[in-house]
Structures are given as C-alpha cells and as structure tokens.
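File shown: input11.cif. Contents: mmCIF, C-alpha atoms and all ligand atoms.
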data_upload
loop_
_atom_site.group_PDB
_atom_site.id
_atom_site.type_symbol
_atom_site.label_atom_id
_atom_site.label_comp_id
_atom_site.auth_asym_id
_atom_site.auth_seq_id
_atom_site.Cartn_x
_atom_site.Cartn_y
_atom_site.Cartn_z
ATOM 1 C CA MET A 1 118.542 115.039 141.231
ATOM 2 C CA LEU A 2 115.224 113.228 141.030
ATOM 3 C CA LYS A 3 113.483 113.913 137.723
ATOM 4 C CA LEU A 4 109.704 114.230 137.963
ATOM 5 C CA ASN A 5 109.218 114.803 134.272
ATOM 6 C CA THR A 6 106.738 112.011 133.623
ATOM 7 C CA ALA A 7 103.309 111.333 135.092
ATOM 8 C CA ILE A 8 104.433 107.923 136.338
ATOM 9 C CA ARG A 9 107.476 109.308 138.149
ATOM 10 C CA ARG A 10 105.401 112.082 139.676
ATOM 11 C CA ALA A 11 102.728 109.643 140.845
ATOM 12 C CA ARG A 12 105.288 107.293 142.418
ATOM 13 C CA TYR A 13 107.130 110.148 144.102
ATOM 14 C CA PHE A 14 103.827 111.464 145.442
ATOM 15 C CA HIS A 15 102.943 108.004 146.782
ATOM 16 C CA GLN A 16 106.322 107.771 148.480
ATOM 17 C CA GLN A 17 105.726 111.122 150.202
ATOM 18 C CA VAL A 18 102.245 110.048 151.331
ATOM 19 C CA ASP A 19 103.598 106.706 152.630
ATOM 20 C CA GLU A 20 106.323 108.472 154.589
ATOM 21 C CA ALA A 21 103.797 110.851 156.138
ATOM 22 C CA VAL A 22 101.473 107.964 157.059
ATOM 23 C CA THR A 23 104.309 105.845 158.495
ATOM 24 C CA SER A 24 105.675 108.736 160.493
ATOM 25 C CA PHE A 25 102.228 109.563 161.860
ATOM 26 C CA LYS A 26 101.513 105.929 162.757
ATOM 27 C CA SER A 27 104.818 105.716 164.622
ATOM 28 C CA THR A 28 103.531 108.383 167.010
ATOM 29 C CA LEU A 29 100.374 106.456 167.915
ATOM 30 C CA SER A 30 100.276 104.994 171.379
ATOM 31 C CA ASN A 31 97.601 102.458 170.362
ATOM 32 C CA PRO A 32 98.175 101.543 166.693
ATOM 33 C CA GLU A 33 96.205 98.324 167.285
ATOM 34 C CA LEU A 34 93.056 100.463 167.362
ATOM 35 C CA ILE A 35 93.250 100.650 163.554
ATOM 36 C CA ARG A 36 90.673 98.106 162.366
ATOM 37 C CA CYS A 37 91.711 97.777 158.697
ATOM 38 C CA LYS A 38 92.860 94.278 157.781
ATOM 39 C CA LYS A 39 94.200 92.603 154.644
ATOM 40 C CA GLY A 40 91.331 91.034 152.728
ATOM 41 C CA CYS A 41 88.760 93.631 153.869
ATOM 42 C CA SER A 42 87.852 95.434 150.691
ATOM 43 C CA ALA A 43 84.846 97.454 151.841
ATOM 44 C CA CYS A 44 86.359 100.811 150.889
ATOM 45 C CA CYS A 45 87.373 99.371 147.503
ATOM 46 C CA HIS A 46 83.671 99.432 146.554
ATOM 47 C CA THR A 47 83.154 103.151 147.026
ATOM 48 C CA GLY A 48 84.986 104.576 144.000
ATOM 49 C CA ALA A 49 88.422 105.999 144.802
ATOM 50 C CA GLY A 50 89.335 109.504 143.660
ATOM 51 C CA VAL A 51 92.591 109.864 141.713
ATOM 52 C CA THR A 52 94.699 112.433 139.903
ATOM 53 C CA GLU A 53 95.514 112.243 136.216
ATOM 54 C CA ASP A 54 99.107 111.199 137.025
ATOM 55 C CA GLU A 55 97.849 108.310 139.134
ATOM 56 C CA ALA A 56 95.476 107.254 136.354
ATOM 57 C CA GLU A 57 98.390 107.321 133.907
ATOM 58 C CA LEU A 58 100.365 105.074 136.247
ATOM 59 C CA MET A 59 97.499 102.573 136.559
ATOM 60 C CA ALA A 60 96.818 102.611 132.811
ATOM 61 C CA SER A 61 100.515 101.906 132.207
ATOM 62 C CA LEU A 62 100.239 98.778 134.380
ATOM 63 C CA ILE A 63 97.273 97.587 132.310
ATOM 64 C CA ASN A 64 99.020 98.425 129.056
ATOM 65 C CA GLY A 65 102.020 96.546 130.413
ATOM 66 C CA GLY A 66 99.983 93.342 130.755
ATOM 67 C CA LEU A 67 97.967 93.548 133.989
ATOM 68 C CA SER A 68 94.591 92.059 133.141
ATOM 69 C CA ILE A 69 91.375 93.766 134.184
ATOM 70 C CA ASP A 70 87.706 93.224 133.467
ATOM 71 C CA HIS A 71 87.240 95.854 130.740
ATOM 72 C CA GLY A 72 83.480 95.223 130.627
ATOM 73 C CA LYS A 73 83.206 96.011 134.325
ATOM 74 C CA LEU A 74 85.277 99.155 133.868
ATOM 75 C CA GLU A 75 82.940 100.324 131.089
ATOM 76 C CA ARG A 76 79.866 99.596 133.206
ATOM 77 C CA GLN A 77 81.337 101.570 136.108
ATOM 78 C CA VAL A 78 82.093 104.506 133.828
ATOM 79 C CA SER A 79 78.697 104.530 132.170
ATOM 80 C CA ALA A 80 76.635 104.091 135.351
ATOM 81 C CA LYS A 81 74.502 107.173 135.964
ATOM 82 C CA ASN A 82 74.914 106.735 139.656
ATOM 83 C CA TRP A 83 77.628 104.720 141.423
ATOM 84 C CA TYR A 84 75.126 103.163 143.803
ATOM 85 C CA SER A 85 72.871 102.052 140.972
ATOM 86 C CA LEU A 86 75.538 99.375 140.371
ATOM 87 C CA SER A 87 75.417 96.129 142.334
ATOM 88 C CA TYR A 88 77.950 95.715 145.151
ATOM 89 C CA GLU A 89 79.946 93.296 142.998
ATOM 90 C CA GLU A 90 79.987 95.720 140.078
ATOM 91 C CA ARG A 91 81.175 98.486 142.376
ATOM 92 C CA GLY A 92 84.291 96.499 143.300
ATOM 93 C CA CYS A 93 87.500 98.137 142.123
ATOM 94 C CA ILE A 94 88.870 96.684 138.881
ATOM 95 C CA PHE A 95 92.129 95.980 140.728
ATOM 96 C CA LEU A 96 90.678 93.702 143.403
ATOM 97 C CA ASN A 97 91.499 90.011 143.129
ATOM 98 C CA GLU A 98 89.256 87.096 144.106
ATOM 99 C CA ASN A 99 90.704 87.202 147.645
ATOM 100 C CA LYS A 100 89.640 90.853 147.920
ATOM 101 C CA GLU A 101 93.229 92.030 147.839
ATOM 102 C CA CYS A 102 94.620 94.921 145.840
ATOM 103 C CA ARG A 103 96.570 93.727 142.794
ATOM 104 C CA ILE A 104 98.382 97.059 142.457
ATOM 105 C CA TYR A 105 99.163 97.509 146.133
ATOM 106 C CA HIS A 106 102.533 99.207 145.538
ATOM 107 C CA ASP A 107 101.023 101.537 142.959
ATOM 108 C CA ARG A 108 97.609 102.056 144.541
ATOM 109 C CA PRO A 109 96.272 105.626 144.632
ATOM 110 C CA ALA A 110 97.145 107.959 147.480
ATOM 111 C CA VAL A 111 93.637 107.938 148.934
ATOM 112 C CA CYS A 112 93.888 104.149 149.310
ATOM 113 C CA ARG A 113 97.028 104.672 151.419
ATOM 114 C CA THR A 114 95.425 106.877 154.039
ATOM 115 C CA ASN A 115 92.192 105.006 154.715
ATOM 116 C CA HIS A 116 92.442 103.769 158.294
ATOM 117 C CA VAL A 117 89.298 103.222 160.292
ATOM 118 C CA LEU A 118 88.997 103.122 164.043
ATOM 119 C CA SER A 119 85.322 102.213 164.026
ATOM 120 C CA ASP A 120 83.901 98.745 163.444
ATOM 121 C CA PRO A 121 84.621 97.709 159.806
ATOM 122 C CA LYS A 122 80.917 96.831 159.438
ATOM 123 C CA PHE A 123 80.328 100.592 159.083
ATOM 124 C CA CYS A 124 82.519 100.604 155.950
ATOM 125 C CA GLU A 125 80.188 98.150 154.203
ATOM 126 C CA THR A 126 77.969 99.585 151.467
ATOM 127 C CA LYS A 127 76.252 96.370 150.340
ATOM 128 C CA ASP A 128 72.859 98.024 150.729
ATOM 129 C CA GLY A 129 74.046 101.090 148.809
ATOM 130 C CA ILE A 130 74.206 103.315 151.868
ATOM 131 C CA GLU A 131 77.393 104.948 153.128
ATOM 132 C CA GLN A 132 77.634 105.019 156.900
ATOM 133 C CA THR A 133 79.596 107.261 159.218
ATOM 134 C CA GLN A 134 82.989 105.930 160.251
ATOM 135 C CA ARG A 135 85.653 107.061 162.653
ATOM 136 C CA VAL A 136 88.831 107.478 160.668
ATOM 137 C CA LEU A 137 92.405 108.139 161.642
ATOM 138 C CA LEU A 138 93.288 111.705 160.731
ATOM 139 C CA THR A 139 96.577 111.377 158.895
ATOM 140 C CA GLU A 140 96.821 115.131 158.577
ATOM 141 C CA GLU A 141 100.119 115.599 156.742
ATOM 142 C CA ALA A 142 99.262 112.877 154.233
ATOM 143 C CA ASN A 143 95.805 114.373 153.768
ATOM 144 C CA MET A 144 97.364 117.791 153.119
ATOM 145 C CA LEU A 145 99.686 116.244 150.517
ATOM 146 C CA ILE A 146 96.708 114.632 148.815
ATOM 147 C CA ALA A 147 94.707 117.853 148.903
ATOM 148 C CA ALA A 148 97.643 119.771 147.392
ATOM 149 C CA SER A 149 98.140 117.204 144.650
ATOM 150 C CA PHE A 150 94.447 117.307 143.746
ATOM 151 C CA ILE A 151 94.560 121.110 143.559
ATOM 152 C CA ALA A 152 97.717 121.040 141.400
ATOM 153 C CA ALA A 153 96.492 118.241 139.120
ATOM 154 C CA LYS A 154 95.274 119.099 135.628
ATOM 155 C CA LYS A 155 92.502 116.607 136.061
ATOM 156 C CA THR A 156 91.033 114.555 138.894
ATOM 157 C CA GLY A 157 88.154 112.100 138.974
ATOM 158 C CA THR A 158 87.141 108.611 139.908
ATOM 159 C CA LEU A 159 89.622 105.810 139.387
ATOM 160 C CA SER A 160 87.398 104.118 136.813
ATOM 161 C CA ALA A 161 86.654 107.285 134.801
ATOM 162 C CA LEU A 162 90.254 108.465 134.562
ATOM 163 C CA VAL A 163 91.788 105.034 133.946
ATOM 164 C CA PHE A 164 89.175 104.431 131.214
ATOM 165 C CA LYS A 165 90.080 107.781 129.638
ATOM 166 C CA LYS A 166 93.805 107.022 129.733
ATOM 167 C CA LEU A 167 93.271 103.607 128.137
ATOM 168 C CA GLN A 168 91.199 105.212 125.388
ATOM 169 C CA GLU A 169 93.867 107.842 124.734
ATOM 170 C CA LYS A 170 96.478 105.109 124.422
ATOM 171 C CA ASN A 171 94.279 103.212 121.959
ATOM 172 C CA LEU A 172 93.797 106.373 119.908
ATOM 173 C CA ARG A 173 97.545 106.955 119.870
ATOM 174 C CA SER A 174 98.212 103.419 118.676
ATOM 175 C CA PHE A 175 95.609 103.619 115.911
ATOM 176 C CA SER A 176 96.280 107.139 114.649
ATOM 177 C CA PRO A 177 99.744 108.281 113.569
ATOM 178 C CA MET A 178 98.331 111.839 113.580
ATOM 179 C CA ILE A 179 97.899 111.929 117.346
ATOM 180 C CA ASP A 180 101.030 112.332 119.435
HETATM 181 S S1 LIG B 1 93.418 100.533 143.944
HETATM 182 FE FE1 LIG B 1 93.595 98.809 145.354
HETATM 183 S S2 LIG B 1 93.293 99.686 147.420
HETATM 184 FE FE2 LIG B 1 92.540 101.207 145.916
HETATM 185 S S3 LIG B 1 90.332 100.827 145.671
HETATM 186 FE FE3 LIG B 1 91.387 99.608 144.089
HETATM 187 S S4 LIG B 1 91.736 97.571 144.997
HETATM 188 FE FE4 LIG B 1 91.247 99.006 146.676
#
Take the structure in the file and write it out as structure tokens.
Amino acid sequence: MLKLNTAIRRARYFHQQVDEAVTSFKSTLSNPELIRCKKGCSACCHTGAGVTEDEAELMASLINGGLSIDHGKLERQVSAKNWYSLSYEERGCIFLNENKECRIYHDRPAVCRTNHVLSDPKFCETKDGIEQTQRVLLTEEANMLIAASFIAAKKTGTLSALVFKKLQEKNLRSFSPMID
C-alpha cells in the first residue's frame, strides 16, 4: 500500500493524480494543437504560482538537497508589498533557468501542470504589470483535485512565500537542537 505519510510523498502523489487527469482530458480533445503553450514560454512563471504547504516542502527539499536558487531574489519576492511592484525580471520564478525553462519540471506545483492557454500567448505577458484575459483549457477534474488539495492543506500561499518559510524552518532546525 502506498504510504502518504510525508509531505513529499503526498505532494508527488498529488502531482501524479493531477497529471493523470490532465493527460486523460487532453486525450479526449479533437484539436489538441489549439493549445498554445510551448517550451521556453515562461509568461505564466512571472505571475506567482499558488502552492500548498506539502508542495513547498517538496521544493524546499530540492533546494536543501543542492538545487541552487537566487536567495536574494526569493527574499525580494517575499518582502515586496505588491507582486507587480517588482520588475518583470524580479517576478520570474526562482526555478526558471536562463532558457526560461522550469528546473523542477517533474516536481513543479500542480497549478503549473494545468495551465494551458488557447488564446494568443501574448495575452499571458505581464511585462507592463497588467494581467490580461486569456482563454484557458478547462481541465475540470485536475482543477477539482487542486481545489480539494488547497481546501485540505494546512497552509497555502505563493510559491515564494511558502518555500521561503520552509527554508527558514529548516535553518532553525539545524541551528537549534530544541526545535524538532
Ligand atoms: S515551478 Fe516551474 S513551471 Fe511553475 S512557475 Fe516556477 S518555473 Fe514556472
């Protein structure tokens, strides 16, 4: 029997369920080529993904395991009063590489797995700080799974805020023998 007794296992199991729902839904599409998302387009990676605490734990474990990130950028994202007060570059996800690809693709959050636009990708751009309306593919079952996981989660928040918190907790644990 599959044990879901750690945050990392739960997050990966959840991602597997979301992937299966997305794949199954896409297999029913008569015109899958209408999906405009392409590798190397990172527009939605500048809008601040929402994650659960389990997902943040998974991402923090990758960083603690040696994945390098720009910690200064993470701190600036967390301390910004308003996401769109940051420059476009500063709003880029800490997991993007220089080719605008996701460096944690297999462990990316669930919301990053269901983003499929049918409208022109130019409407996903937020360089001027304005979010525009897009036509998105309604991956209903996957969206329901995500909604349920957010309701069941102890904590949810932006990727940067929760990953920052998890990294801080880990630091506290390593420095203080009093904290379990
Ligand atoms: S985790 Fe990956 S897919 Fe999600 S916003 Fe960050 S770079 Fe983009």
Practice task
Using all atoms listed in the file, find each protein or nucleic acid residue lying at most 12 Å from ligand LIG 1 (chain B); present the set as a ChimeraX atom specification.
Solution key: /A:37-51,55-56,58-60,62,69,74,91-116,158-160,163
Export, as a compact mmCIF listing (two decimals), keeping the file's coordinate frame, the selected residues with C-alpha atoms.
# COMPACT_ATOMS: atom_id res chain seq x y z
CA CYS A 37 91.71 97.78 158.70
CA LYS A 38 92.86 94.28 157.78
CA LYS A 39 94.20 92.60 154.64
CA GLY A 40 91.33 91.03 152.73
CA CYS A 41 88.76 93.63 153.87
CA SER A 42 87.85 95.43 150.69
CA ALA A 43 84.85 97.45 151.84
CA CYS A 44 86.36 100.81 150.89
CA CYS A 45 87.37 99.37 147.50
CA HIS A 46 83.67 99.43 146.55
CA THR A 47 83.15 103.15 147.03
CA GLY A 48 84.99 104.58 144.00
CA ALA A 49 88.42 106.00 144.80
CA GLY A 50 89.34 109.50 143.66
CA VAL A 51 92.59 109.86 141.71
CA GLU A 55 97.85 108.31 139.13
CA ALA A 56 95.48 107.25 136.35
CA LEU A 58 100.36 105.07 136.25
CA MET A 59 97.50 102.57 136.56
CA ALA A 60 96.82 102.61 132.81
CA LEU A 62 100.24 98.78 134.38
CA ILE A 69 91.38 93.77 134.18
CA LEU A 74 85.28 99.16 133.87
CA ARG A 91 81.18 98.49 142.38
CA GLY A 92 84.29 96.50 143.30
CA CYS A 93 87.50 98.14 142.12
CA ILE A 94 88.87 96.68 138.88
CA PHE A 95 92.13 95.98 140.73
CA LEU A 96 90.68 93.70 143.40
CA ASN A 97 91.50 90.01 143.13
CA GLU A 98 89.26 87.10 144.11
CA ASN A 99 90.70 87.20 147.65
CA LYS A 100 89.64 90.85 147.92
CA GLU A 101 93.23 92.03 147.84
CA CYS A 102 94.62 94.92 145.84
CA ARG A 103 96.57 93.73 142.79
CA ILE A 104 98.38 97.06 142.46
CA TYR A 105 99.16 97.51 146.13
CA HIS A 106 102.53 99.21 145.54
CA ASP A 107 101.02 101.54 142.96
CA ARG A 108 97.61 102.06 144.54
CA PRO A 109 96.27 105.63 144.63
CA ALA A 110 97.14 107.96 147.48
CA VAL A 111 93.64 107.94 148.93
CA CYS A 112 93.89 104.15 149.31
CA ARG A 113 97.03 104.67 151.42
CA THR A 114 95.42 106.88 154.04
CA ASN A 115 92.19 105.01 154.72
CA HIS A 116 92.44 103.77 158.29
CA THR A 158 87.14 108.61 139.91
CA LEU A 159 89.62 105.81 139.39
CA SER A 160 87.40 104.12 136.81
CA VAL A 163 91.79 105.03 133.95
Practice task
Evaluate the PyMOL selection byres (((chain A and resi 123) around 7) and not hetatm) here and jot the selected residues down as a list of chain:residue names.
Solution key: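 Applying the PyMOL selection byres (((chain A and resi 123) around 7) and not hetatm) to the structure shown produces A:Asp120, A:Pro121, A:Lys122, A:Cys124, A:Glu125, A:Gln132, A:Thr133, A:Gln134.
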Problem - Computed interatomic separation between CA of Ala7 in chain A and CA of Ala152 in chain A (Å) - result: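 Result for CA of Ala7 in chain A versus CA of Ala152 in chain A: 12.9 Å, one decimal.
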Exercise for the section: List the residues matched by the PyMOL selection byres (((chain A and resi 77) around 8) and not hetatm) in the displayed structure as a PyMOL selection string, ordered by chain and then by residue number. Expected result: chain A and resi 73-76+78-80+83+86+90-91+160-161
Problem - From A:Lys26, A:Lys3, A:His71, A:Arg10, residue lying nearest Gln168 in chain A [only C-alpha atoms] - result: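 Of the candidates, the smallest distance to Gln168 in chain A is held by A:His71.
The smallest atom-to-atom distance between Thr139 in chain A and any of A:Glu53, A:Phe25, A:His15, A:Gly65, using all atoms listed in the file, is found for A:Phe25.
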Handout entry: Among listed residues A:Ser119, A:Thr126, A:Asn143, A:Ser68, nearest Ser87 in chain A (using only C-alpha atoms)
Key = A:Thr126
Handout entry: Residues returned when the PyMOL selection byres (((chain A and resi 167) around 10) and not hetatm) runs on this file, as a list in words
Key = Ala56, Glu57, Met59, Ala60, Ser61, Ile63, Asn64, Leu162, Val163, Phe164, Lys165, Lys166, Gln168, Glu169, Lys170, Asn171, Leu172 and Arg173 of chain A
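Checking A:Asp128, A:Asp54, A:Glu33, A:Asp70 one by one against Ala11 in chain A, counting all atoms listed in the file, you find the shortest gap at A:Asp54.
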Completion exercise
Pairwise distance, CA of Ala153 in chain A with CA of Arg12 in chain A, equals 14.4 Å
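Considering only C-alpha atoms, the residue among A:Tyr84, A:Gly129, A:Gly66, A:Phe14 positioned nearest to Ala147 in chain A is A:Phe14.
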Fill in the blank from the handout: note - CA of Leu4 in chain A and CA of Phe150 in chain A are separated by 16.6 Å
